[in-house]
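Peer 1: Next up is a structure, given as structure tokens.
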Amino acid sequence: MIHLTDSAIKALKAAISSTAQPTSGLRIMIESGGCQGFTYKMGLAHEPSSDETVFEQGGIKVFVDNASREHLNGTTIDFVVSLEGSGFRFDNPNAKSSCSCGKSFS
């Protein structure tokens, strides 16, 4: 469904180990908004909700709400460090277009 690169797994493990809140995984979802129509949302989560699919990759549990699954199927999430800044990047084969920052798509 979703592929996390080694760099993303390393960044997520560091984030999970440094949080003071109980955290067991990463929640990813799609919301309406952004300059292209949809935007990616992600954050650390304690446990999945009843409407989420859970999978694990590289020791990271990923929670994806069922409404977002079709939009995220086949997406690769990477963590990139560059001169412009560091952060997570989404390579989504379902996106017809995306904004220059990569956080919004249609």
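Identifiers for the structure tokens are assigned positionally: chains receive A, B, ... in sequence, residues are indexed from 1 per chain, and ligands are indexed from 1 in the order shown.
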Give me, as a PyMOL selection string, the residues of region 1-68 of chain A that a backbone DSSP run labels helix (DSSP H, G or I).
Peer 2: chain A and resi 6-18
Peer 1: Kindly indicate which residue among A:Gln57, A:Ser18, A:Ser68, A:Thr5 lies nearest to Thr39 (chain A), using only C-alpha atoms for the distances.
Peer 2: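 Under the stated criterion, the closest residue is A:Ser68.
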Peer 1: Would you mind writing down, as a ChimeraX atom specification, each residue of chain A that DSSP on the backbone assigns to strand (DSSP E)?
Peer 2: /A:2-4,25-33,37-45,52-57,60-65,75-82,85-91,104-105
Peer 1: Counting only C-alpha atoms, what is within 12 Å of Asn94 (chain A), bar same-chain residues fewer than 5 positions away, as a ChimeraX atom specification?
Peer 2: /A:1-2,38,68-76,105-106
Peer 1: From the list A:Val81, A:Pro93, A:Phe88, A:Gly25, which residue is nearest Gly58 (chain A) when using only C-alpha atoms?
Peer 2: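 Once distances to Gly58 (chain A) are computed over only C-alpha atoms, the minimum belongs to A:Gly25.
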Peer 1: Could you name the residues that touch Ala8 (chain A) at 10 Å or less, counting only C-alpha atoms, but leaving out those on the same chain fewer than 4 positions away, as a ChimeraX atom specification?
Peer 2: /A:3-4,12-14,58,60,76-80,87-89
Peer 1: Enter the distance from CA of Lys10 (chain A) to CA of Ala95 (chain A), in Å, rounded to one decimal.
Peer 2: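 Computing the Euclidean distance for CA of Lys10 (chain A) and CA of Ala95 (chain A) yields 25.7 Å.
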Peer 1: Between A:Ile30, A:Leu83, A:Ala67, A:Ile16, which one has atoms that come closest to His46 (chain A), using only C-alpha atoms?
Peer 2: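 Comparing A:Ile30, A:Leu83, A:Ala67, A:Ile16 against His46 (chain A), the winner is A:Ile16.
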Peer 1: Between CA of Lys41 (chain A) and CA of Ser82 (chain A), what distance in Å does the model show, to one decimal?
Peer 2: 21.3 Å
Peer 1: Between A:Gly37, A:Ser49, A:Asp6, A:Lys61, which has the minimum distance to Ser24 (chain A) (counting only C-alpha atoms)?
Peer 2: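 Checking each of A:Gly37, A:Ser49, A:Asp6, A:Lys61 against Ser24 (chain A), counting only C-alpha atoms, the winner is A:Lys61.
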